[in-house]
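Below is upload-v7.cif, holding mmCIF, C-alpha atoms, pLDDT in the B column; chains and numbers go by the auth columns.
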data_query
#
loop_
_atom_site.group_PDB
_atom_site.id
_atom_site.type_symbol
_atom_site.label_atom_id
_atom_site.label_comp_id
_atom_site.label_asym_id
_atom_site.label_seq_id
_atom_site.Cartn_x
_atom_site.Cartn_y
_atom_site.Cartn_z
_atom_site.B_iso_or_equiv
_atom_site.auth_seq_id
_atom_site.auth_asym_id
ATOM 1 C CA MET A 1 0.000 0.000 0.000 64.00 1 A
ATOM 2 C CA LEU A 2 1.248 3.486 -0.822 80.00 2 A
ATOM 3 C CA TYR A 3 1.114 6.352 1.655 83.00 3 A
ATOM 4 C CA PRO A 4 1.665 10.083 1.183 82.00 4 A
ATOM 5 C CA LEU A 5 4.978 11.090 2.782 81.00 5 A
ATOM 6 C CA ALA A 6 3.422 13.206 5.544 80.00 6 A
ATOM 7 C CA LEU A 7 1.241 10.280 6.650 83.00 7 A
ATOM 8 C CA LEU A 8 4.066 7.753 6.371 87.00 8 A
ATOM 9 C CA ASN A 9 6.303 9.958 8.542 89.00 9 A
ATOM 10 C CA GLN A 10 3.567 10.063 11.172 88.00 10 A
ATOM 11 C CA LEU A 11 3.039 6.301 11.077 91.00 11 A
ATOM 12 C CA LYS A 12 6.786 5.568 11.329 93.00 12 A
ATOM 13 C CA GLY A 13 7.369 8.250 13.966 95.00 13 A
ATOM 14 C CA THR A 14 10.320 9.727 12.083 95.00 14 A
ATOM 15 C CA ASP A 15 11.130 12.045 9.194 93.00 15 A
ATOM 16 C CA LEU A 16 11.939 9.725 6.301 91.00 16 A
ATOM 17 C CA ASP A 17 13.223 12.563 4.112 89.00 17 A
ATOM 18 C CA PRO A 18 14.981 14.973 6.497 92.00 18 A
ATOM 19 C CA GLY A 19 15.817 18.426 5.276 89.00 19 A
ATOM 20 C CA GLN A 20 13.064 18.398 2.654 85.00 20 A
ATOM 21 C CA PRO A 21 9.699 20.125 2.958 83.00 21 A
ATOM 22 C CA GLN A 22 6.746 17.830 3.510 78.00 22 A
ATOM 23 C CA ILE A 23 4.284 19.961 1.589 83.00 23 A
ATOM 24 C CA GLY A 24 5.149 22.162 -1.367 83.00 24 A
ATOM 25 C CA MET A 25 3.045 24.066 -3.835 86.00 25 A
ATOM 26 C CA VAL A 26 3.511 26.451 -6.719 85.00 26 A
ATOM 27 C CA LEU A 27 0.668 28.863 -7.333 82.00 27 A
ATOM 28 C CA ALA A 28 -0.042 30.605 -10.607 79.00 28 A
ATOM 29 C CA ASP A 29 1.194 34.173 -10.782 80.00 29 A
ATOM 30 C CA ARG A 30 -2.236 35.738 -11.113 73.00 30 A
ATOM 31 C CA PRO A 31 -2.897 39.310 -10.074 73.00 31 A
ATOM 32 C CA ASP A 32 -6.660 38.645 -10.038 81.00 32 A
ATOM 33 C CA TRP A 33 -6.795 36.196 -7.099 82.00 33 A
ATOM 34 C CA PRO A 34 -9.588 37.168 -4.717 84.00 34 A
ATOM 35 C CA PHE A 35 -7.739 37.473 -1.378 80.00 35 A
ATOM 36 C CA GLY A 36 -10.766 37.732 0.903 76.00 36 A
ATOM 37 C CA THR A 37 -11.607 35.114 3.501 76.00 37 A
ATOM 38 C CA SER A 38 -15.303 35.966 3.896 80.00 38 A
ATOM 39 C CA GLY A 39 -16.395 32.948 1.879 76.00 39 A
ATOM 40 C CA THR A 40 -17.835 34.971 -0.961 84.00 40 A
ATOM 41 C CA VAL A 41 -15.992 35.533 -4.230 85.00 41 A
ATOM 42 C CA PRO A 42 -17.041 36.932 -7.597 85.00 42 A
ATOM 43 C CA ASN A 43 -18.732 34.428 -9.929 87.00 43 A
ATOM 44 C CA GLY A 44 -16.293 32.423 -12.018 85.00 44 A
ATOM 45 C CA THR A 45 -13.371 32.842 -9.601 85.00 45 A
ATOM 46 C CA VAL A 46 -11.783 30.845 -6.809 84.00 46 A
ATOM 47 C CA SER A 47 -10.228 32.501 -3.766 84.00 47 A
ATOM 48 C CA LEU A 48 -6.531 32.118 -3.029 85.00 48 A
ATOM 49 C CA ALA A 49 -7.414 30.886 0.474 85.00 49 A
ATOM 50 C CA SER A 50 -9.552 28.077 -0.998 85.00 50 A
ATOM 51 C CA VAL A 51 -6.802 26.948 -3.363 86.00 51 A
ATOM 52 C CA VAL A 52 -4.143 26.953 -0.636 88.00 52 A
ATOM 53 C CA ARG A 53 -6.416 25.042 1.751 90.00 53 A
ATOM 54 C CA HIS A 54 -7.195 22.489 -0.968 90.00 54 A
ATOM 55 C CA GLU A 55 -3.503 21.876 -1.708 87.00 55 A
ATOM 56 C CA VAL A 56 -2.539 21.625 1.974 89.00 56 A
ATOM 57 C CA VAL A 57 -5.195 18.943 2.450 89.00 57 A
ATOM 58 C CA HIS A 58 -3.614 16.976 -0.423 85.00 58 A
ATOM 59 C CA GLY A 59 -0.221 17.401 1.245 82.00 59 A
ATOM 60 C CA LEU A 60 -1.626 15.973 4.463 81.00 60 A
ATOM 61 C CA GLY A 61 -2.556 12.811 2.626 78.00 61 A
ATOM 62 C CA PHE A 62 -6.145 13.277 1.522 80.00 62 A
ATOM 63 C CA VAL A 63 -6.189 12.206 -2.105 75.00 63 A
ATOM 64 C CA PRO A 64 -9.096 11.251 -4.367 71.00 64 A
#
Re-express the file's structure as structure tokens.
Amino acid sequence: MLYPLALLNQLKGTDLDPGQPQIGMVLADRPDWPFGTSGTVPNGTVSLASVVRHEVVHGLGFVP
């Protein structure tokens, strides 16, 4: 069975890849990101906070 690295580290109780970040992401260089955190964004857009949260959840091991 395969495990995401962050989960495998937790299960083993050690950092299996020391010195390397456990979660990394590269976001598009878009000046039109809605930066608000109120939960409402203009139609047809996605807030930066929502995208970051989504990617962090993947980094924690939640994958489809």
Please evaluate the PyMOL selection byres ((chain A and resi 26) around 12) against the structure above and give the resulting residues as a PDB file with C-alpha atoms, in the frame of the given file.
ATOM      1  CA  ILE A  23       4.284  19.961   1.589  1.00 83.00           C
ATOM      2  CA  GLY A  24       5.149  22.162  -1.367  1.00 83.00           C
ATOM      3  CA  MET A  25       3.045  24.066  -3.835  1.00 86.00           C
ATOM      4  CA  LEU A  27       0.668  28.863  -7.333  1.00 82.00           C
ATOM      5  CA  ALA A  28      -0.042  30.605 -10.607  1.00 79.00           C
ATOM      6  CA  ASP A  29       1.194  34.173 -10.782  1.00 80.00           C
ATOM      7  CA  ARG A  30      -2.236  35.738 -11.113  1.00 73.00           C
ATOM      8  CA  VAL A  51      -6.802  26.948  -3.363  1.00 86.00           C
ATOM      9  CA  VAL A  52      -4.143  26.953  -0.636  1.00 88.00           C
ATOM     10  CA  GLU A  55      -3.503  21.876  -1.708  1.00 87.00           C
ATOM     11  CA  VAL A  56      -2.539  21.625   1.974  1.00 89.00           C
TER      12      VAL A  56
END
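Atom CA of A:His54 is found 15.5 Å from atom CA of A:Ala6.
Counting from atom CA of A:Asp17, the distance to atom CA of A:His58 is 18.0 Å.
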If you measure from atom CA of A:Arg53 to atom CA of A:Asn9, what distance in Å do you get, rounded to one decimal?
20.9 Å
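Closest approach to A:Pro21 from the set A:Gly44, A:Tyr3, A:Gly59, A:Pro34 is made by A:Gly59, with distances taken over only C-alpha atoms.
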Min atom-atom distance to A:Leu7 from the set A:Gln22, A:Ser38, A:Ser50, A:Thr45, counting all atoms listed in the file, belongs to A:Gln22
With the input short on atoms, add N, CA and C atoms back to stretch 1-29 of chain A and write it as a PDB file, keeping the file's coordinate frame.
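File written: out.pdb
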ATOM      1  N   MET A   1       0.848  -1.181   0.000  1.00 64.00           N
ATOM      2  CA  MET A   1       0.000   0.000   0.000  1.00 64.00           C
ATOM      3  C   MET A   1       0.891   1.241   0.000  1.00 64.00           C
ATOM      4  N   LEU A   2       0.495   2.244  -0.749  1.00 80.00           N
ATOM      5  CA  LEU A   2       1.248   3.486  -0.822  1.00 80.00           C
ATOM      6  C   LEU A   2       0.653   4.518   0.120  1.00 80.00           C
ATOM      7  N   TYR A   3       1.534   5.300   0.752  1.00 83.00           N
ATOM      8  CA  TYR A   3       1.114   6.352   1.655  1.00 83.00           C
ATOM      9  C   TYR A   3       1.744   7.670   1.233  1.00 83.00           C
ATOM     10  N   PRO A   4       1.029   8.780   1.377  1.00 82.00           N
ATOM     11  CA  PRO A   4       1.665  10.083   1.183  1.00 82.00           C
ATOM     12  C   PRO A   4       2.762  10.249   2.238  1.00 82.00           C
ATOM     13  N   LEU A   5       3.819  10.975   1.903  1.00 81.00           N
ATOM     14  CA  LEU A   5       4.978  11.090   2.782  1.00 81.00           C
ATOM     15  C   LEU A   5       4.622  11.631   4.157  1.00 81.00           C
ATOM     16  N   ALA A   6       3.773  12.640   4.236  1.00 80.00           N
ATOM     17  CA  ALA A   6       3.422  13.206   5.544  1.00 80.00           C
ATOM     18  C   ALA A   6       2.769  12.148   6.437  1.00 80.00           C
ATOM     19  N   LEU A   7       1.891  11.331   5.876  1.00 83.00           N
ATOM     20  CA  LEU A   7       1.241  10.280   6.650  1.00 83.00           C
ATOM     21  C   LEU A   7       2.233   9.179   7.011  1.00 83.00           C
ATOM     22  N   LEU A   8       3.079   8.787   6.099  1.00 87.00           N
ATOM     23  CA  LEU A   8       4.066   7.753   6.371  1.00 87.00           C
ATOM     24  C   LEU A   8       5.024   8.186   7.480  1.00 87.00           C
ATOM     25  N   ASN A   9       5.452   9.443   7.459  1.00 89.00           N
ATOM     26  CA  ASN A   9       6.303   9.958   8.542  1.00 89.00           C
ATOM     27  C   ASN A   9       5.607   9.815   9.884  1.00 89.00           C
ATOM     28  N   GLN A  10       4.322  10.154   9.923  1.00 88.00           N
ATOM     29  CA  GLN A  10       3.567  10.063  11.172  1.00 88.00           C
ATOM     30  C   GLN A  10       3.458   8.622  11.638  1.00 88.00           C
ATOM     31  N   LEU A  11       3.176   7.708  10.719  1.00 91.00           N
ATOM     32  CA  LEU A  11       3.039   6.301  11.077  1.00 91.00           C
ATOM     33  C   LEU A  11       4.354   5.700  11.565  1.00 91.00           C
ATOM     34  N   LYS A  12       5.469   6.091  10.952  1.00 93.00           N
ATOM     35  CA  LYS A  12       6.786   5.568  11.329  1.00 93.00           C
ATOM     36  C   LYS A  12       7.375   6.287  12.535  1.00 93.00           C
ATOM     37  N   GLY A  13       6.856   7.486  12.835  1.00 95.00           N
ATOM     38  CA  GLY A  13       7.369   8.250  13.966  1.00 95.00           C
ATOM     39  C   GLY A  13       8.709   8.898  13.702  1.00 95.00           C
ATOM     40  N   THR A  14       9.054   9.104  12.435  1.00 95.00           N
ATOM     41  CA  THR A  14      10.320   9.727  12.083  1.00 95.00           C
ATOM     42  C   THR A  14      10.179  10.440  10.743  1.00 95.00           C
ATOM     43  N   ASP A  15      11.111  11.335  10.481  1.00 93.00           N
ATOM     44  CA  ASP A  15      11.130  12.045   9.194  1.00 93.00           C
ATOM     45  C   ASP A  15      11.935  11.206   8.216  1.00 93.00           C
ATOM     46  N   LEU A  16      11.283  10.618   7.251  1.00 91.00           N
ATOM     47  CA  LEU A  16      11.939   9.725   6.301  1.00 91.00           C
ATOM     48  C   LEU A  16      12.699  10.464   5.201  1.00 91.00           C
ATOM     49  N   ASP A  17      12.514  11.756   5.107  1.00 89.00           N
ATOM     50  CA  ASP A  17      13.223  12.563   4.112  1.00 89.00           C
ATOM     51  C   ASP A  17      13.656  13.877   4.772  1.00 89.00           C
ATOM     52  N   PRO A  18      14.598  13.780   5.734  1.00 92.00           N
ATOM     53  CA  PRO A  18      14.981  14.973   6.497  1.00 92.00           C
ATOM     54  C   PRO A  18      15.568  16.071   5.612  1.00 92.00           C
ATOM     55  N   GLY A  19      15.290  17.287   6.013  1.00 89.00           N
ATOM     56  CA  GLY A  19      15.817  18.426   5.276  1.00 89.00           C
ATOM     57  C   GLY A  19      14.978  18.833   4.083  1.00 89.00           C
ATOM     58  N   GLN A  20      13.938  18.084   3.781  1.00 85.00           N
ATOM     59  CA  GLN A  20      13.064  18.398   2.654  1.00 85.00           C
ATOM     60  C   GLN A  20      11.693  18.799   3.173  1.00 85.00           C
ATOM     61  N   PRO A  21      11.048  19.754   2.519  1.00 83.00           N
ATOM     62  CA  PRO A  21       9.699  20.125   2.958  1.00 83.00           C
ATOM     63  C   PRO A  21       8.720  18.977   2.749  1.00 83.00           C
ATOM     64  N   GLN A  22       7.741  18.894   3.610  1.00 78.00           N
ATOM     65  CA  GLN A  22       6.746  17.830   3.510  1.00 78.00           C
ATOM     66  C   GLN A  22       5.606  18.201   2.580  1.00 78.00           C
ATOM     67  N   ILE A  23       5.346  19.482   2.468  1.00 83.00           N
ATOM     68  CA  ILE A  23       4.284  19.961   1.589  1.00 83.00           C
ATOM     69  C   ILE A  23       4.845  21.123   0.786  1.00 83.00           C
ATOM     70  N   GLY A  24       4.704  21.065  -0.520  1.00 83.00           N
ATOM     71  CA  GLY A  24       5.149  22.162  -1.367  1.00 83.00           C
ATOM     72  C   GLY A  24       4.081  22.471  -2.399  1.00 83.00           C
ATOM     73  N   MET A  25       4.005  23.707  -2.792  1.00 86.00           N
ATOM     74  CA  MET A  25       3.045  24.066  -3.835  1.00 86.00           C
ATOM     75  C   MET A  25       3.566  25.267  -4.603  1.00 86.00           C
ATOM     76  N   VAL A  26       3.193  25.316  -5.857  1.00 85.00           N
ATOM     77  CA  VAL A  26       3.511  26.451  -6.719  1.00 85.00           C
ATOM     78  C   VAL A  26       2.177  26.988  -7.208  1.00 85.00           C
ATOM     79  N   LEU A  27       1.937  28.250  -6.939  1.00 82.00           N
ATOM     80  CA  LEU A  27       0.668  28.863  -7.333  1.00 82.00           C
ATOM     81  C   LEU A  27       0.886  29.728  -8.564  1.00 82.00           C
ATOM     82  N   ALA A  28      -0.113  29.781  -9.402  1.00 79.00           N
ATOM     83  CA  ALA A  28      -0.042  30.605 -10.607  1.00 79.00           C
ATOM     84  C   ALA A  28       0.155  32.062 -10.224  1.00 79.00           C
ATOM     85  N   ASP A  29       0.948  32.752 -10.997  1.00 80.00           N
ATOM     86  CA  ASP A  29       1.194  34.173 -10.782  1.00 80.00           C
ATOM     87  C   ASP A  29       0.037  34.944 -11.405  1.00 80.00           C
TER      88      ASP A  29
END
